[in-house]
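Below is data.csv, which holds CSV, C-alpha atoms.
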chain,number,residue,atom,x,y,z
A,1,MET,CA,1.9,-0.9,-5.7
A,2,LYS,CA,3.4,-4.2,-4.6
A,3,LYS,CA,6.7,-2.5,-3.7
A,4,VAL,CA,4.8,0.1,-1.7
A,5,TRP,CA,3.1,-2.6,0.4
A,6,LEU,CA,6.6,-4.2,1.0
A,7,LEU,CA,8.0,-0.7,1.9
A,8,GLY,CA,5.0,-0.4,4.3
A,9,PHE,CA,6.7,-2.9,6.6
A,10,GLY,CA,9.2,-0.2,7.4
A,11,PHE,CA,6.4,2.1,8.5
A,12,PHE,CA,4.8,-0.9,10.3
A,13,SER,CA,7.9,-1.4,12.4
A,14,ILE,CA,8.3,2.3,13.2
A,15,SER,CA,4.7,2.6,14.3
A,16,ILE,CA,4.9,-0.5,16.5
A,17,THR,CA,8.0,0.7,18.2
A,18,TRP,CA,6.8,4.3,18.8
A,19,SER,CA,3.4,3.1,20.1
A,20,LEU,CA,5.0,0.7,22.6
A,21,TYR,CA,7.5,3.3,23.6
A,22,ASN,CA,4.8,5.9,24.2
A,23,ALA,CA,2.5,3.5,26.0
A,24,PHE,CA,4.9,1.8,28.4
A,25,VAL,CA,8.1,3.8,28.9
A,26,PRO,CA,6.2,6.3,31.1
A,27,PHE,CA,5.6,3.4,33.5
A,28,PHE,CA,9.3,2.9,33.8
A,29,LEU,CA,10.0,6.6,34.3
A,30,GLU,CA,7.5,7.1,37.1
A,31,LYS,CA,9.4,4.6,39.2
A,32,TYR,CA,12.2,7.3,39.4
A,33,VAL,CA,10.4,10.6,38.7
A,34,ASN,CA,7.4,12.0,40.6
A,35,SER,CA,6.8,15.0,38.3
A,36,VAL,CA,4.3,14.4,35.4
A,37,ALA,CA,5.7,17.5,33.7
A,38,LEU,CA,9.2,16.1,33.8
A,39,ILE,CA,8.1,12.7,32.6
A,40,SER,CA,6.3,14.4,29.7
A,41,PHE,CA,9.5,16.3,28.9
A,42,MET,CA,11.6,13.1,28.9
A,43,MET,CA,9.0,11.5,26.6
A,44,THR,CA,9.5,14.3,24.0
A,45,ILE,CA,13.2,13.4,23.4
A,46,ASP,CA,12.3,12.0,20.0
A,47,ASN,CA,10.9,15.3,18.9
A,48,TYR,CA,14.1,17.2,19.8
A,49,PHE,CA,16.2,14.6,17.8
A,50,ALA,CA,13.7,15.0,14.9
A,51,LEU,CA,14.0,18.8,15.2
A,52,PHE,CA,17.8,18.8,14.6
A,53,LEU,CA,18.7,15.5,13.0
A,54,GLN,CA,16.0,14.5,10.6
A,55,PRO,CA,16.3,17.6,8.3
A,56,TRP,CA,20.1,17.0,8.2
A,57,ILE,CA,19.7,13.2,7.6
A,58,GLY,CA,17.1,13.8,4.9
A,59,ASN,CA,19.3,16.4,3.1
A,60,ARG,CA,22.4,14.1,3.4
A,61,SER,CA,20.5,11.1,2.0
A,62,ASP,CA,19.7,13.2,-1.1
A,63,ARG,CA,23.4,13.4,-1.8
A,64,THR,CA,24.4,9.8,-0.8
A,65,VAL,CA,25.8,7.6,-3.5
A,66,SER,CA,26.4,3.9,-2.7
A,67,ARG,CA,25.8,0.5,-4.2
A,68,TYR,CA,22.8,0.2,-1.8
A,69,GLY,CA,21.2,3.4,-3.0
A,70,ARG,CA,20.6,6.8,-1.4
A,71,ARG,CA,18.3,5.8,1.5
A,72,MET,CA,19.0,2.1,2.2
A,73,PRO,CA,22.4,2.7,4.0
A,74,TYR,CA,20.6,4.6,6.7
A,75,LEU,CA,18.1,1.8,7.2
A,76,LEU,CA,20.8,-0.8,7.3
A,77,LEU,CA,22.6,1.2,10.0
A,78,GLY,CA,19.7,2.6,12.0
A,79,MET,CA,17.2,-0.2,12.2
A,80,PRO,CA,19.5,-2.9,13.8
A,81,LEU,CA,20.7,-0.3,16.3
A,82,ALA,CA,17.1,0.8,17.1
A,83,ALA,CA,16.0,-2.8,17.5
A,84,VAL,CA,18.8,-3.7,20.0
A,85,LEU,CA,18.3,-0.5,22.0
A,86,THR,CA,14.5,-1.0,22.1
A,87,MET,CA,15.1,-4.5,23.5
A,88,LEU,CA,17.5,-3.1,26.1
A,89,ILE,CA,15.1,-0.4,27.5
A,90,PRO,CA,13.2,-2.7,30.0
A,91,TYR,CA,16.5,-4.1,31.3
A,92,HIS,CA,17.7,-0.7,32.6
A,93,SER,CA,19.3,-0.8,36.1
A,94,GLY,CA,18.3,2.8,37.1
A,95,LEU,CA,17.2,6.2,35.8
A,96,PHE,CA,20.6,6.9,34.2
A,97,THR,CA,20.6,3.7,32.2
A,98,LEU,CA,17.0,4.1,31.3
A,99,LEU,CA,17.6,7.6,30.0
A,100,LEU,CA,20.7,6.4,28.2
A,101,PHE,CA,18.9,3.6,26.4
A,102,MET,CA,16.0,6.0,25.6
A,103,MET,CA,18.3,8.7,24.1
A,104,LEU,CA,20.4,6.2,22.1
A,105,MET,CA,17.2,4.4,20.8
A,106,ASN,CA,15.7,7.8,19.7
A,107,LEU,CA,19.0,8.7,18.0
A,108,ALA,CA,19.0,5.4,16.1
A,109,MET,CA,15.4,5.9,15.1
A,110,SER,CA,16.3,9.4,13.8
A,111,LEU,CA,18.9,7.9,11.5
A,112,TYR,CA,16.4,6.0,9.4
A,113,ARG,CA,13.0,7.6,9.8
A,114,SER,CA,13.3,10.3,7.1
A,115,PRO,CA,15.1,8.0,4.6
A,116,THR,CA,12.4,5.4,5.1
A,117,VAL,CA,9.7,7.9,4.4
A,118,ALA,CA,11.6,9.4,1.4
A,119,LEU,CA,11.8,5.9,-0.1
A,120,MET,CA,8.1,6.0,-0.8
A,121,PRO,CA,8.3,8.9,-3.4
A,122,ASP,CA,11.6,7.5,-4.6
A,123,ILE,CA,9.9,4.3,-5.8
A,124,THR,CA,6.5,5.7,-6.7
A,125,PRO,CA,5.6,7.9,-9.7
A,126,GLU,CA,4.3,11.3,-8.7
A,127,PRO,CA,0.6,10.7,-9.7
A,128,GLN,CA,0.4,7.6,-7.5
A,129,ARG,CA,2.1,9.0,-4.4
A,130,THR,CA,-1.1,9.9,-2.5
A,131,LYS,CA,-2.3,6.4,-3.0
A,132,ALA,CA,1.0,5.0,-1.9
A,133,ASN,CA,1.1,7.3,1.2
A,134,GLY,CA,-2.4,6.0,2.1
A,135,LEU,CA,-1.1,2.4,1.9
A,136,VAL,CA,2.0,3.0,4.0
A,137,ASN,CA,0.0,5.0,6.6
A,138,PHE,CA,-2.5,2.2,6.7
A,139,MET,CA,0.3,-0.3,7.5
A,140,GLY,CA,1.6,2.1,10.2
A,141,GLY,CA,-1.9,2.4,11.7
A,142,VAL,CA,-2.3,-1.3,11.8
A,143,GLY,CA,1.0,-1.5,13.6
A,144,SER,CA,-0.2,1.0,16.2
A,145,ILE,CA,-3.4,-0.9,16.8
A,146,LEU,CA,-1.5,-4.2,17.2
A,147,ALA,CA,0.9,-2.5,19.5
A,148,PHE,CA,-1.8,-1.3,21.8
A,149,GLY,CA,-3.8,-4.5,21.6
A,150,ALA,CA,-1.2,-7.3,21.7
A,151,GLY,CA,1.4,-5.1,23.5
A,152,SER,CA,-0.8,-4.6,26.6
A,153,MET,CA,-1.3,-8.4,26.9
A,154,LEU,CA,2.5,-9.0,26.5
A,155,TYR,CA,3.2,-6.2,29.1
A,156,ASP,CA,0.9,-7.9,31.6
A,157,ALA,CA,2.8,-11.2,31.2
A,158,ASN,CA,6.2,-9.5,31.4
A,159,PRO,CA,7.1,-5.8,31.0
A,160,ALA,CA,10.1,-6.8,28.8
A,161,LEU,CA,8.1,-8.8,26.3
A,162,PRO,CA,6.6,-6.0,24.1
A,163,PHE,CA,10.0,-4.4,23.7
A,164,LEU,CA,11.7,-7.7,22.8
A,165,VAL,CA,9.0,-8.4,20.2
A,166,ALA,CA,9.2,-4.9,18.8
A,167,GLY,CA,12.9,-5.3,18.3
A,168,LEU,CA,12.5,-8.6,16.5
A,169,ILE,CA,9.8,-7.2,14.3
A,170,THR,CA,12.1,-4.3,13.4
A,171,LEU,CA,14.8,-6.7,12.3
A,172,LEU,CA,12.3,-8.8,10.4
A,173,CYS,CA,10.9,-5.7,8.6
A,174,LEU,CA,14.5,-4.6,7.7
A,175,LEU,CA,15.1,-8.0,6.1
A,176,ILE,CA,11.9,-7.7,4.1
A,177,VAL,CA,12.5,-4.1,2.9
A,178,ALA,CA,16.2,-4.7,2.1
A,179,ARG,CA,15.4,-8.0,0.3
A,180,PHE,CA,12.6,-6.7,-1.9
A,181,ILE,CA,13.3,-3.0,-2.4
A,182,GLN,CA,16.3,-2.1,-4.6
A,183,GLU,CA,16.6,1.6,-5.2
A,184,ASP,CA,18.6,1.2,-8.5
A,185,ARG,CA,16.0,-1.2,-9.9
A,186,ASP,CA,12.8,0.2,-8.3
A,187,GLY,CA,13.5,3.9,-8.2
A,188,VAL,CA,11.5,6.1,-10.6
A,189,ASN,CA,14.4,8.7,-10.7
A,190,THR,CA,17.7,6.7,-10.5
A,191,ASP,CA,19.8,8.6,-13.0
A,192,THR,CA,21.7,10.4,-10.3
A,193,VAL,CA,22.5,7.2,-8.4
A,194,ARG,CA,23.5,5.3,-11.5
A,195,SER,CA,25.8,8.0,-12.7
A,196,GLY,CA,27.5,8.0,-9.3
A,197,LEU,CA,28.0,4.3,-9.4
A,198,GLN,CA,29.3,4.3,-12.9
A,199,ALA,CA,31.8,7.0,-12.0
A,200,GLN,CA,32.8,5.0,-9.0
A,201,GLN,CA,33.4,1.9,-11.1
A,202,ARG,CA,35.6,4.0,-13.4
A,203,ASN,CA,37.4,5.8,-10.5
A,204,ALA,CA,40.7,5.3,-12.1
A,205,VAL,CA,39.7,7.7,-14.9
A,206,VAL,CA,36.7,9.7,-13.6
A,207,PRO,CA,36.2,10.9,-10.0
A,208,GLN,CA,33.1,9.8,-8.2
A,209,LEU,CA,30.2,12.1,-8.8
A,210,LYS,CA,27.8,13.2,-6.1
A,211,PRO,CA,24.6,15.2,-6.5
A,212,ALA,CA,25.0,18.9,-5.7
A,213,ARG,CA,24.3,20.0,-2.2
A,214,ILE,CA,20.7,21.1,-1.7
A,215,SER,CA,20.1,24.3,0.3
A,216,LEU,CA,17.4,24.1,2.9
A,217,LEU,CA,16.8,27.9,2.6
A,218,LYS,CA,16.5,27.7,-1.2
A,219,GLN,CA,13.7,25.3,-0.8
A,220,LEU,CA,11.6,27.9,1.1
A,221,ASP,CA,9.9,29.6,-1.8
A,222,ARG,CA,6.4,31.1,-1.1
A,223,THR,CA,4.5,27.9,-1.8
A,224,THR,CA,6.7,25.8,0.5
A,225,PHE,CA,6.8,28.4,3.3
A,226,TRP,CA,3.1,28.7,3.6
A,227,LEU,CA,2.5,25.0,3.2
A,228,LEU,CA,4.9,24.3,6.0
A,229,ALA,CA,3.2,27.0,8.1
A,230,ALA,CA,-0.1,25.2,7.5
A,231,ILE,CA,1.4,21.9,8.5
A,232,PHE,CA,2.7,23.4,11.7
A,233,PHE,CA,-0.7,24.9,12.7
A,234,TRP,CA,-2.7,21.8,12.0
A,235,PHE,CA,-0.2,19.7,13.9
A,236,VAL,CA,-0.5,22.1,16.8
A,237,ALA,CA,-4.2,21.4,16.9
A,238,TYR,CA,-3.8,17.6,16.4
A,239,GLN,CA,-1.0,17.1,18.9
A,240,GLY,CA,-2.7,19.3,21.5
A,241,VAL,CA,-5.9,17.3,21.3
A,242,GLU,CA,-4.2,13.9,21.2
A,243,THR,CA,-2.1,14.8,24.3
A,244,LEU,CA,-4.8,16.5,26.4
A,245,PHE,CA,-8.0,14.7,25.4
A,246,THR,CA,-8.1,12.1,28.2
A,247,LEU,CA,-7.7,14.9,30.8
A,248,TYR,CA,-10.4,16.9,28.9
A,249,GLY,CA,-12.7,13.9,29.0
A,250,LYS,CA,-12.1,13.2,32.7
A,251,HIS,CA,-12.2,16.8,34.1
A,252,HIS,CA,-14.5,18.6,31.7
A,253,LEU,CA,-16.9,15.8,30.6
A,254,GLY,CA,-16.8,13.7,33.7
A,255,LEU,CA,-15.8,10.6,31.9
A,256,SER,CA,-13.9,7.8,33.5
A,257,GLU,CA,-10.2,7.4,32.4
A,258,LYS,CA,-11.1,4.2,30.5
A,259,ALA,CA,-14.1,5.9,28.7
A,260,ALA,CA,-12.0,8.9,27.8
A,261,SER,CA,-9.1,6.9,26.3
A,262,PHE,CA,-11.5,4.5,24.5
A,263,SER,CA,-13.3,7.5,23.0
A,264,LEU,CA,-10.1,8.6,21.3
A,265,THR,CA,-9.7,5.3,19.6
A,266,PHE,CA,-12.7,6.2,17.4
A,267,PHE,CA,-10.6,9.0,15.9
A,268,SER,CA,-7.6,6.6,15.3
A,269,LEU,CA,-9.7,3.8,13.8
A,270,ALA,CA,-11.5,6.2,11.4
A,271,PHE,CA,-8.1,7.5,10.3
A,272,VAL,CA,-6.8,4.0,9.6
A,273,ALA,CA,-10.0,3.0,7.8
A,274,PHE,CA,-10.0,6.1,5.6
A,275,ALA,CA,-6.2,6.1,4.9
A,276,ILE,CA,-6.3,4.2,1.6
A,277,PRO,CA,-9.5,5.9,0.3
A,278,SER,CA,-8.1,9.3,1.2
A,279,GLY,CA,-5.0,8.5,-0.9
A,280,TRP,CA,-7.1,7.4,-3.8
A,281,LEU,CA,-9.3,10.6,-3.6
A,282,GLY,CA,-6.1,12.7,-3.5
A,283,GLY,CA,-4.9,11.1,-6.6
A,284,ARG,CA,-8.3,11.5,-8.3
A,285,PHE,CA,-9.2,15.0,-7.3
A,286,GLY,CA,-5.9,16.6,-6.2
A,287,LYS,CA,-3.9,16.7,-3.0
A,288,LYS,CA,-4.6,20.4,-2.2
A,289,LYS,CA,-8.4,20.0,-2.6
A,290,MET,CA,-8.4,17.0,-0.2
A,291,ILE,CA,-6.3,18.9,2.3
A,292,VAL,CA,-8.5,21.9,2.2
A,293,THR,CA,-11.6,19.7,2.6
A,294,GLY,CA,-10.0,18.0,5.6
A,295,VAL,CA,-8.9,21.3,7.3
A,296,ILE,CA,-12.4,22.8,6.9
A,297,GLY,CA,-14.1,19.6,8.1
A,298,LEU,CA,-11.8,19.2,11.1
A,299,THR,CA,-12.1,22.8,12.1
A,300,ALA,CA,-15.9,22.3,12.2
A,301,VAL,CA,-15.6,19.1,14.1
A,302,PHE,CA,-13.3,20.6,16.8
A,303,ALA,CA,-15.6,23.6,17.2
A,304,LEU,CA,-18.6,21.3,17.6
A,305,VAL,CA,-17.0,19.0,20.2
A,306,GLY,CA,-17.3,21.9,22.6
A,307,PHE,CA,-21.1,21.5,22.3
A,308,ALA,CA,-21.2,17.7,22.6
A,309,GLU,CA,-23.7,16.9,25.3
A,310,ASN,CA,-23.4,13.1,25.5
A,311,LEU,CA,-20.9,10.3,24.8
A,312,LEU,CA,-22.5,9.1,21.6
A,313,MET,CA,-22.3,12.6,20.1
A,314,LEU,CA,-18.7,13.0,21.2
A,315,ARG,CA,-17.6,9.7,19.7
A,316,GLY,CA,-19.6,10.4,16.5
A,317,LEU,CA,-17.7,13.7,16.1
A,318,LEU,CA,-14.4,12.0,16.8
A,319,LEU,CA,-15.2,9.3,14.2
A,320,THR,CA,-15.9,12.1,11.6
A,321,GLY,CA,-12.8,13.9,12.7
A,322,GLY,CA,-10.6,10.9,12.0
A,323,ILE,CA,-11.9,10.8,8.4
A,324,PHE,CA,-11.0,14.5,7.9
A,325,TRP,CA,-7.6,14.0,9.5
A,326,ALA,CA,-6.9,11.3,7.0
A,327,CYS,CA,-7.7,13.7,4.2
A,328,ILE,CA,-5.1,16.1,5.6
A,329,ASN,CA,-2.4,13.7,6.8
A,330,ILE,CA,-2.3,11.3,3.9
A,331,ASN,CA,-2.1,14.0,1.3
A,332,SER,CA,0.2,16.5,3.0
A,333,TYR,CA,3.5,14.7,2.8
A,334,PRO,CA,3.1,13.9,-1.0
A,335,TYR,CA,2.1,17.5,-1.5
A,336,VAL,CA,5.3,18.8,0.3
A,337,VAL,CA,7.3,16.5,-2.1
A,338,ALA,CA,5.3,17.6,-5.1
A,339,THR,CA,6.1,21.2,-4.6
A,340,GLY,CA,9.8,20.6,-5.0
A,341,THR,CA,12.1,18.6,-7.3
A,342,GLU,CA,12.8,14.9,-7.4
A,343,GLU,CA,16.4,15.6,-6.3
A,344,SER,CA,15.1,17.3,-3.0
A,345,ILE,CA,12.8,14.5,-1.7
A,346,GLY,CA,15.0,13.7,1.3
A,347,THR,CA,15.5,17.3,2.1
A,348,ARG,CA,11.8,18.1,2.0
A,349,THR,CA,11.0,15.1,4.0
A,350,GLY,CA,13.3,16.5,6.7
A,351,MET,CA,11.6,19.8,6.5
A,352,TYR,CA,8.2,18.2,6.9
A,353,TYR,CA,9.3,16.4,10.1
A,354,LEU,CA,11.0,19.6,11.3
A,355,VAL,CA,7.7,21.6,11.4
A,356,SER,CA,5.7,18.7,12.7
A,357,SER,CA,8.2,18.2,15.5
A,358,LEU,CA,8.1,21.9,16.4
A,359,ALA,CA,4.4,21.6,16.7
A,360,ALA,CA,4.7,18.4,18.9
A,361,ILE,CA,7.1,20.2,21.2
A,362,SER,CA,5.2,23.5,21.5
A,363,SER,CA,1.5,22.5,21.3
A,364,PRO,CA,0.9,20.6,24.6
A,365,PRO,CA,2.5,23.2,26.9
A,366,VAL,CA,0.9,26.2,25.1
A,367,LEU,CA,-2.6,24.6,25.1
A,368,GLY,CA,-2.0,23.4,28.7
A,369,LEU,CA,-1.2,27.0,29.7
A,370,LEU,CA,-4.5,28.1,28.1
A,371,ILE,CA,-6.3,25.5,30.1
A,372,ASP,CA,-4.6,26.6,33.3
A,373,LEU,CA,-5.5,30.2,32.6
A,374,THR,CA,-9.2,29.4,31.8
A,375,ASP,CA,-10.5,25.8,31.9
A,376,TYR,CA,-10.7,22.6,29.9
A,377,SER,CA,-13.5,23.9,27.7
A,378,VAL,CA,-10.9,26.0,25.8
A,379,LEU,CA,-9.1,23.0,24.4
A,380,PHE,CA,-11.2,22.3,21.3
A,381,TYR,CA,-11.9,25.9,20.6
A,382,ALA,CA,-8.2,26.6,20.5
A,383,ALA,CA,-7.6,23.6,18.3
A,384,ALA,CA,-10.4,24.8,15.9
A,385,GLY,CA,-8.7,28.2,15.9
A,386,SER,CA,-5.3,26.7,15.0
A,387,MET,CA,-6.9,24.7,12.2
A,388,ALA,CA,-8.5,27.9,10.9
A,389,VAL,CA,-5.0,29.5,10.8
A,390,ALA,CA,-3.8,26.5,8.9
A,391,LEU,CA,-6.6,27.1,6.3
A,392,LEU,CA,-5.5,30.7,6.0
A,393,CYS,CA,-1.9,29.6,5.3
A,394,LEU,CA,-3.1,27.3,2.6
A,395,TYR,CA,-4.8,30.2,0.8
A,396,MET,CA,-1.7,32.3,1.2
A,397,MET,CA,0.3,29.8,-0.8
A,398,GLY,CA,-0.5,31.3,-4.2
A,399,GLY,CA,1.0,29.7,-7.3
A,400,GLN,CA,3.0,26.5,-7.3
A,401,ARG,CA,6.4,25.6,-8.6
A,402,THR,CA,6.6,24.1,-12.0
A,403,GLY,CA,7.8,20.6,-12.6
A,404,THR,CA,6.5,17.9,-10.3
A,405,ALA,CA,4.0,20.3,-8.7
A,406,GLU,CA,1.9,20.6,-11.8
A,407,SER,CA,-0.1,17.5,-10.8
A,408,ALA,CA,-0.1,18.4,-7.1
A,409,ASP,CA,-3.6,19.8,-7.0
Representation of the structure as C-alpha cells:
Amino acid sequence: MKKVWLLGFGFFSISITWSLYNAFVPFFLEKYVNSVALISFMMTIDNYFALFLQPWIGNRSDRTVSRYGRRMPYLLLGMPLAAVLTMLIPYHSGLFTLLLFMMLMNLAMSLYRSPTVALMPDITPEPQRTKANGLVNFMGGVGSILAFGAGSMLYDANPALPFLVAGLITLLCLLIVARFIQEDRDGVNTDTVRSGLQAQQRNAVVPQLKPARISLLKQLDRTTFWLLAAIFFWFVAYQGVETLFTLYGKHHLGLSEKAASFSLTFFSLAFVAFAIPSGWLGGRFGKKKMIVTGVIGLTAVFALVGFAENLLMLRGLLLTGGIFWACININSYPYVVATGTEESIGTRTGMYYLVSSLAAISSPPVLGLLIDLTDYSVLFYAAAGSMAVALLCLYMMGGQRTGTAESAD
C-alpha cells in the first residue's frame, strides 16, 4: 500500500485545487456578474468538460503506449498546465480573462483526472482496490479540509495566495508521483505496455503494437448499465443536498449562514474519517454489500432529516450520513472497474465520471425547481427518493461479468 499512499498525493493536489476553486472563484465572478444563477452556471464548467473529455481521455489512456506508461503522459502534460493556470486565475484583468483562465484550467484538469484515478487500479491487485480507494479518498479529503482551513487564512492575507500555493502543491505532487510511481514496474497488469515497448524497440522488424480500441457501447452490458444508473441517482441526491443545504438550513430551519455551512462539515468529516475503514470493509465483506448498506442507510438519513427538530439532531444525522456516504463512494469506483476487464480501466473510469458529471449538472436545477414549486422541505425527501431509485437500480443489475468481477461482491 506504500505506492497507493504516494499516488494519493495526486488526489491530494486535485482536491486542494478544486476546493479552493469552488470556494473563492465565485468571489471573483460576483465582481462582474450580478446573477447568482449565471455564476452557478459558470462554476459548473468543469462538469461540462468532464462530460465530454474524461470518457475520451480515459478510453485513450487505455490504448496509450509510451516509455512513461499508459497514464503518466497525461499527468506530465496536464498537471503543470493546471498548476500555472490555477496561479493565473487571481491575476485576471477582467471577466474575459477570468473566464479564459477558468476554462483553460478546467481543460488542463480534465486531461489528467481520469488517468490519475485509473492509476490506482493499475498498480493495485483487485482484492485490495477498495482499501486503496479508501486511502486515496482519505488523502483527497485531507486536502479539502486543509484547503478550506488554511486557504481561508491565505485568502484573507491576499486573494492570490491560495491559488499560488495550490499551483506549487500540484507541481510538488507531480514530482512525487512521477518519481515514485513507475507503471512498468509497479503495474499489476503491464503485459500490454511491455509488449508495446518491446515492439517499439524492434521497430525496424516489428511495427509498434497498441492495445485494441475499446468500445464504450460494448462496455454497457446489463450489470454496467444498471450500476451506472445507480451511481447517477445517488449522485443526484448527494449533489443536490451539497449544493442547496446552506439555503435549506437558512430558509427552512432558520439557521444562520455560518451555522448552516458548519453543519455540513459534520457530513464531510465523517466521510473522511470513515474512508479507510469503508475500504477495508468493502474488501472484507464485498463492494456491493457495502454499497447497498450505504444506500439504504443514506436513504433513511435523508428521510429523517426532514423531521429534525433541533440542531443537535440535524448534525447527528449528517454525521451518520457521512459514514453511509463513505460506504457508497469508496466502494463504487472499484466496483465499476471490477465489473469490466483490466484492459478497460481507463474507459470505465471515464464512464464513471460521465454519469457523476451528468448528475452534478442536472441535480441542482431540478431540485431547485422542486423547491420553487413547493418549499425547502422537499429537498431531503426528494434526495431520499433519488437514493431509493439508486437502490432499485442495484437490484436490477442481476448477474455479473466473469473475470475480475468474481471478487466484486
TODO: Identify the residues within 9 Å of coordinate (19.4, 0.5, 13.7) (same frame as the file), considering all atoms listed in the file, and give the answer as a ChimeraX atom specification.
DONE: /A:74-85,105,108-109,111-112,170-171
Counting only C-alpha atoms, I want the residues whose atoms come within 10 Å of (15.1, 3.8, 26.1) in the file frame, returned as a PDB file with C-alpha atoms, keeping the file's coordinate frame.
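Listed below is the output, selection_0.pdb:
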ATOM      1  CA  TYR A  21       7.500   3.300  23.600  1.00  0.00           C
ATOM      2  CA  VAL A  25       8.100   3.800  28.900  1.00  0.00           C
ATOM      3  CA  PHE A  28       9.300   2.900  33.800  1.00  0.00           C
ATOM      4  CA  MET A  43       9.000  11.500  26.600  1.00  0.00           C
ATOM      5  CA  ALA A  82      17.100   0.800  17.100  1.00  0.00           C
ATOM      6  CA  LEU A  85      18.300  -0.500  22.000  1.00  0.00           C
ATOM      7  CA  THR A  86      14.500  -1.000  22.100  1.00  0.00           C
ATOM      8  CA  MET A  87      15.100  -4.500  23.500  1.00  0.00           C
ATOM      9  CA  LEU A  88      17.500  -3.100  26.100  1.00  0.00           C
ATOM     10  CA  ILE A  89      15.100  -0.400  27.500  1.00  0.00           C
ATOM     11  CA  PRO A  90      13.200  -2.700  30.000  1.00  0.00           C
ATOM     12  CA  TYR A  91      16.500  -4.100  31.300  1.00  0.00           C
ATOM     13  CA  HIS A  92      17.700  -0.700  32.600  1.00  0.00           C
ATOM     14  CA  THR A  97      20.600   3.700  32.200  1.00  0.00           C
ATOM     15  CA  LEU A  98      17.000   4.100  31.300  1.00  0.00           C
ATOM     16  CA  LEU A  99      17.600   7.600  30.000  1.00  0.00           C
ATOM     17  CA  LEU A 100      20.700   6.400  28.200  1.00  0.00           C
ATOM     18  CA  PHE A 101      18.900   3.600  26.400  1.00  0.00           C
ATOM     19  CA  MET A 102      16.000   6.000  25.600  1.00  0.00           C
ATOM     20  CA  MET A 103      18.300   8.700  24.100  1.00  0.00           C
ATOM     21  CA  LEU A 104      20.400   6.200  22.100  1.00  0.00           C
ATOM     22  CA  MET A 105      17.200   4.400  20.800  1.00  0.00           C
ATOM     23  CA  ASN A 106      15.700   7.800  19.700  1.00  0.00           C
ATOM     24  CA  PHE A 163      10.000  -4.400  23.700  1.00  0.00           C
TER      25      PHE A 163
END
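Among the candidate residues A:Gly297, A:Met120, A:Leu358, A:Asn310, the one lying nearest to Val177 of chain A is A:Met120, with distances computed using only C-alpha atoms.
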Task: Gap from atom CA of Phe52 of chain A to atom CA of Thr116 of chain A - Å, one decimal - done: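 Pair atom CA of Phe52 of chain A / atom CA of Thr116 of chain A returns 17.3 Å.
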Task: Top pick for closest residue to His252 of chain A, considering A:Tyr68, A:Tyr32, A:Phe380, A:Phe27 and counting only C-alpha atoms - done: A:Phe380
Open item on the list: My list of candidates is A:Thr243, A:Ser152, A:Asn133, A:Thr299. Which is closest to Leu391 of chain A when distances are computed with all atoms listed in the file?
Closed with: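 Of A:Thr243, A:Ser152, A:Asn133, A:Thr299, the one nearest Leu391 of chain A is A:Thr299, counting all atoms listed in the file.
Atom CA of Thr224 of chain A is positioned 25.2 Å from atom CA of Ile323 of chain A.
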Task: Selected residue of minimal separation from Leu312 of chain A among A:Val4, A:Ile371, A:Ala259, A:Leu247, counting only C-alpha atoms - done: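 For Leu312 of chain A, the nearest of the candidates is A:Ala259.
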- [ ] Record the distance separating atom CA of Val142 of chain A and atom CA of Trp325 of chain A, expressed in Å with one decimal.
- [x] 16.4 Å
I want to know what sits within 12 Å of Glu242 of chain A, based on only C-alpha atoms, with residues of the same chain fewer than 3 positions away left out; could you give that as an mmCIF file with C-alpha atoms, keeping the file's coordinate frame?
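The resulting file, result.cif, is reproduced below:
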data_model
loop_
_atom_site.group_PDB
_atom_site.id
_atom_site.type_symbol
_atom_site.label_atom_id
_atom_site.label_comp_id
_atom_site.auth_asym_id
_atom_site.auth_seq_id
_atom_site.Cartn_x
_atom_site.Cartn_y
_atom_site.Cartn_z
ATOM 1 C CA PHE A 235 -0.200 19.700 13.900
ATOM 2 C CA VAL A 236 -0.500 22.100 16.800
ATOM 3 C CA ALA A 237 -4.200 21.400 16.900
ATOM 4 C CA TYR A 238 -3.800 17.600 16.400
ATOM 5 C CA GLN A 239 -1.000 17.100 18.900
ATOM 6 C CA PHE A 245 -8.000 14.700 25.400
ATOM 7 C CA THR A 246 -8.100 12.100 28.200
ATOM 8 C CA LEU A 247 -7.700 14.900 30.800
ATOM 9 C CA TYR A 248 -10.400 16.900 28.900
ATOM 10 C CA GLY A 249 -12.700 13.900 29.000
ATOM 11 C CA ALA A 260 -12.000 8.900 27.800
ATOM 12 C CA SER A 261 -9.100 6.900 26.300
ATOM 13 C CA SER A 263 -13.300 7.500 23.000
ATOM 14 C CA LEU A 264 -10.100 8.600 21.300
ATOM 15 C CA THR A 265 -9.700 5.300 19.600
ATOM 16 C CA PHE A 267 -10.600 9.000 15.900
ATOM 17 C CA SER A 268 -7.600 6.600 15.300
ATOM 18 C CA LEU A 318 -14.400 12.000 16.800
ATOM 19 C CA GLY A 322 -10.600 10.900 12.000
ATOM 20 C CA ALA A 360 4.700 18.400 18.900
ATOM 21 C CA SER A 363 1.500 22.500 21.300
ATOM 22 C CA PRO A 364 0.900 20.600 24.600
ATOM 23 C CA LEU A 367 -2.600 24.600 25.100
ATOM 24 C CA LEU A 379 -9.100 23.000 24.400
ATOM 25 C CA PHE A 380 -11.200 22.300 21.300
ATOM 26 C CA ALA A 383 -7.600 23.600 18.300
#
Open item on the list: Set the distance at 10 Å and use all atoms listed in the file: which residues neighbour Ala118 of chain A once local chain neighbours fewer than 6 positions away are removed? I'd like the list as a PyMOL selection string.
Closed with: chain A and resi 58+61-62+70-71+112+333-334+337+344-350
Task: Close residues, Val33 of chain A itself excluded, 12 Å, all atoms listed in the file, min 3 positions apart in chain, as a ChimeraX atom specification - done: /A:26-30,36-42,94-96,98-99
Open item on the list: Give me the residues near Ile14 of chain A as a list of chain:residue names, where near means some atom within 9 Å (using all atoms listed in the file) and where sequence neighbours in that chain fewer than 5 positions away do not count.
Closed with: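 What passes the distance filter is A:Phe9, A:Ser19, A:Met109, A:Arg113, A:Gly140, A:Gly143, A:Thr170.
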Open item on the list: Which residue is closest to Ile169 of chain A? Choose from A:Thr341, A:Thr374, A:Ser15, A:Thr130 and count all atoms listed in the file.
Closed with: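 Smallest separation from Ile169 of chain A among the options: A:Ser15.
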- [ ] Kindly indicate which residue among A:Cys327, A:Ser362, A:Met396, A:Val136 lies nearest to Leu298 of chain A, using all atoms listed in the file for the distances.
- [x] A:Cys327
